[in-house]
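Quick notes on the structure that follows.
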Amino acid sequence: MCHYFWVVCDGIGDVVFALDLVVQLRTGYLEQGLMVYDSKKLAKHYIYSRAFLLDITALAPLDLLQLKIGTNPLIRFPRFLKVYRAVNCYYIVESRTVYPNFWRVINLIHILLILAHWFGCFYFLLSEAEGFQGDWAYPHRPGDYATLTRKYLGSLYWSTLTLTTIGDLPTPETNAE
């Protein structure tokens, strides 16, 4: 049931990305200080831009491969290419807000939370690659610790401790550690 929920969510994300692509075809830009409104020029400008290449790559229907080969998170990686749009949004909001310093603090907190999430996921992937063995790996225990929430929070916790060198971890013995 959960798998189908994520397939539906990915489908909704694909529709939103496709609508964004259509909107970007009609988004104006400045040419020699003047706003361009001509539809053909707008479409041509977007199609020949790097943003169009990133958007098309992010929209590639690689999720359909998951129905055939099973769940594989790396297949969803092209979605990450849309992150440049969020960076553009941050710059636009920062330049137009009344409280730019407040926005910078919110932006910094957001970036730190994203990095903590990525490091937690990477820590779990490394632990899984090591077979959940060793002092550095996430402890793979059955029962309450087998839930997805516990795995995520445990990986987030240990990766944060490891990165900040707060955790009392033994000396690494392998390259993965």
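The way I read the labels, and the way they are meant: chains A, B, ... in the order of the structure tokens, residue 1 as the first residue of every chain, and ligand 1 as the first ligand shown, with later ones counted on from there.
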task: Find the residues near A:Asp63: any atom within 9 Å, counting only C-alpha atoms, skip ones fewer than 5 places away on the same chain, and give them as a ChimeraX atom specification.
output: /A:7,10-11,75-76
task: Would you mind listing what lies within 10 Å of A:Gly120 as a PyMOL selection string, with only C-alpha atoms counted and same-chain residues fewer than 6 positions away left out?
output: chain A and resi 114+126+151-160
Could the residues in this selection be saved with all heavy atoms as a compact mmCIF listing (two decimals), in the first residue's frame?
```txt
# COMPACT_ATOMS: atom_id res chain seq x y z
N ILE A 114 18.51 20.32 5.49
CA ILE A 114 18.66 19.48 4.30
C ILE A 114 19.97 18.71 4.35
O ILE A 114 20.02 17.50 4.06
CB ILE A 114 18.58 20.33 3.02
CG1 ILE A 114 17.14 20.78 2.78
CG2 ILE A 114 19.09 19.56 1.80
CD1 ILE A 114 16.98 21.72 1.64
N LEU A 126 25.72 3.80 3.89
CA LEU A 126 27.03 3.21 4.20
C LEU A 126 26.90 2.05 5.16
O LEU A 126 27.57 1.03 5.01
CB LEU A 126 27.97 4.27 4.79
CG LEU A 126 28.70 5.16 3.82
CD1 LEU A 126 29.55 6.16 4.58
CD2 LEU A 126 29.55 4.37 2.86
N LYS A 151 14.89 4.01 12.19
CA LYS A 151 16.08 3.94 11.34
C LYS A 151 16.51 5.33 10.90
O LYS A 151 17.69 5.67 10.94
CB LYS A 151 15.82 3.07 10.11
CG LYS A 151 15.69 1.60 10.41
CD LYS A 151 15.38 0.85 9.13
CE LYS A 151 15.17 -0.62 9.38
NZ LYS A 151 14.80 -1.33 8.16
N TYR A 152 15.54 6.15 10.49
CA TYR A 152 15.86 7.50 10.03
C TYR A 152 16.41 8.35 11.16
O TYR A 152 17.46 9.00 11.02
CB TYR A 152 14.62 8.16 9.42
CG TYR A 152 14.86 9.58 9.02
CD1 TYR A 152 15.63 9.88 7.90
CD2 TYR A 152 14.35 10.63 9.76
CE1 TYR A 152 15.87 11.19 7.54
CE2 TYR A 152 14.58 11.94 9.41
CZ TYR A 152 15.34 12.21 8.29
OH TYR A 152 15.59 13.51 7.94
N LEU A 153 15.70 8.37 12.30
CA LEU A 153 16.15 9.20 13.42
C LEU A 153 17.49 8.72 13.98
O LEU A 153 18.34 9.53 14.34
CB LEU A 153 15.09 9.23 14.52
CG LEU A 153 13.80 9.98 14.16
CD1 LEU A 153 12.78 9.85 15.28
CD2 LEU A 153 14.10 11.43 13.86
N GLY A 154 17.68 7.40 14.05
CA GLY A 154 18.97 6.87 14.50
C GLY A 154 20.11 7.24 13.57
O GLY A 154 21.19 7.64 14.01
N SER A 155 19.87 7.13 12.27
CA SER A 155 20.90 7.50 11.30
C SER A 155 21.19 8.99 11.34
O SER A 155 22.35 9.42 11.25
CB SER A 155 20.46 7.10 9.89
OG SER A 155 20.33 5.71 9.78
N LEU A 156 20.15 9.79 11.48
CA LEU A 156 20.32 11.23 11.58
C LEU A 156 21.13 11.58 12.83
O LEU A 156 22.07 12.40 12.77
CB LEU A 156 18.95 11.90 11.63
CG LEU A 156 18.90 13.41 11.57
CD1 LEU A 156 19.39 13.90 10.22
CD2 LEU A 156 17.48 13.89 11.81
N TYR A 157 20.82 10.94 13.93
CA TYR A 157 21.52 11.18 15.19
C TYR A 157 22.99 10.82 15.09
O TYR A 157 23.87 11.62 15.42
CB TYR A 157 20.82 10.38 16.30
CG TYR A 157 21.53 10.43 17.63
CD1 TYR A 157 21.44 11.56 18.44
CD2 TYR A 157 22.26 9.34 18.08
CE1 TYR A 157 22.09 11.60 19.67
CE2 TYR A 157 22.91 9.37 19.31
CZ TYR A 157 22.82 10.50 20.09
OH TYR A 157 23.46 10.54 21.30
N TRP A 158 23.28 9.59 14.62
CA TRP A 158 24.67 9.14 14.58
C TRP A 158 25.48 9.89 13.52
O TRP A 158 26.68 10.15 13.72
CB TRP A 158 24.75 7.63 14.37
CG TRP A 158 24.42 6.90 15.62
CD1 TRP A 158 23.30 6.18 15.88
CD2 TRP A 158 25.21 6.87 16.82
NE1 TRP A 158 23.34 5.70 17.16
CE2 TRP A 158 24.51 6.10 17.76
CE3 TRP A 158 26.44 7.42 17.19
CZ2 TRP A 158 24.98 5.86 19.04
CZ3 TRP A 158 26.91 7.18 18.46
CH2 TRP A 158 26.19 6.41 19.37
N SER A 159 24.87 10.25 12.42
CA SER A 159 25.63 11.01 11.42
C SER A 159 25.96 12.40 11.95
O SER A 159 27.05 12.91 11.73
CB SER A 159 24.85 11.11 10.11
OG SER A 159 23.70 11.91 10.26
N THR A 160 25.02 13.00 12.69
CA THR A 160 25.29 14.32 13.27
C THR A 160 26.38 14.24 14.32
O THR A 160 27.28 15.08 14.36
CB THR A 160 24.00 14.90 13.87
OG1 THR A 160 22.99 14.93 12.87
CG2 THR A 160 24.23 16.30 14.40
```
message: Among stretch 47-111 of chain A, which residues does DSSP mark as helix (DSSP H, G or I) when it is run on the backbone? Keep the chain and numbering as in the structure and answer as a count of residues only.
response: 54
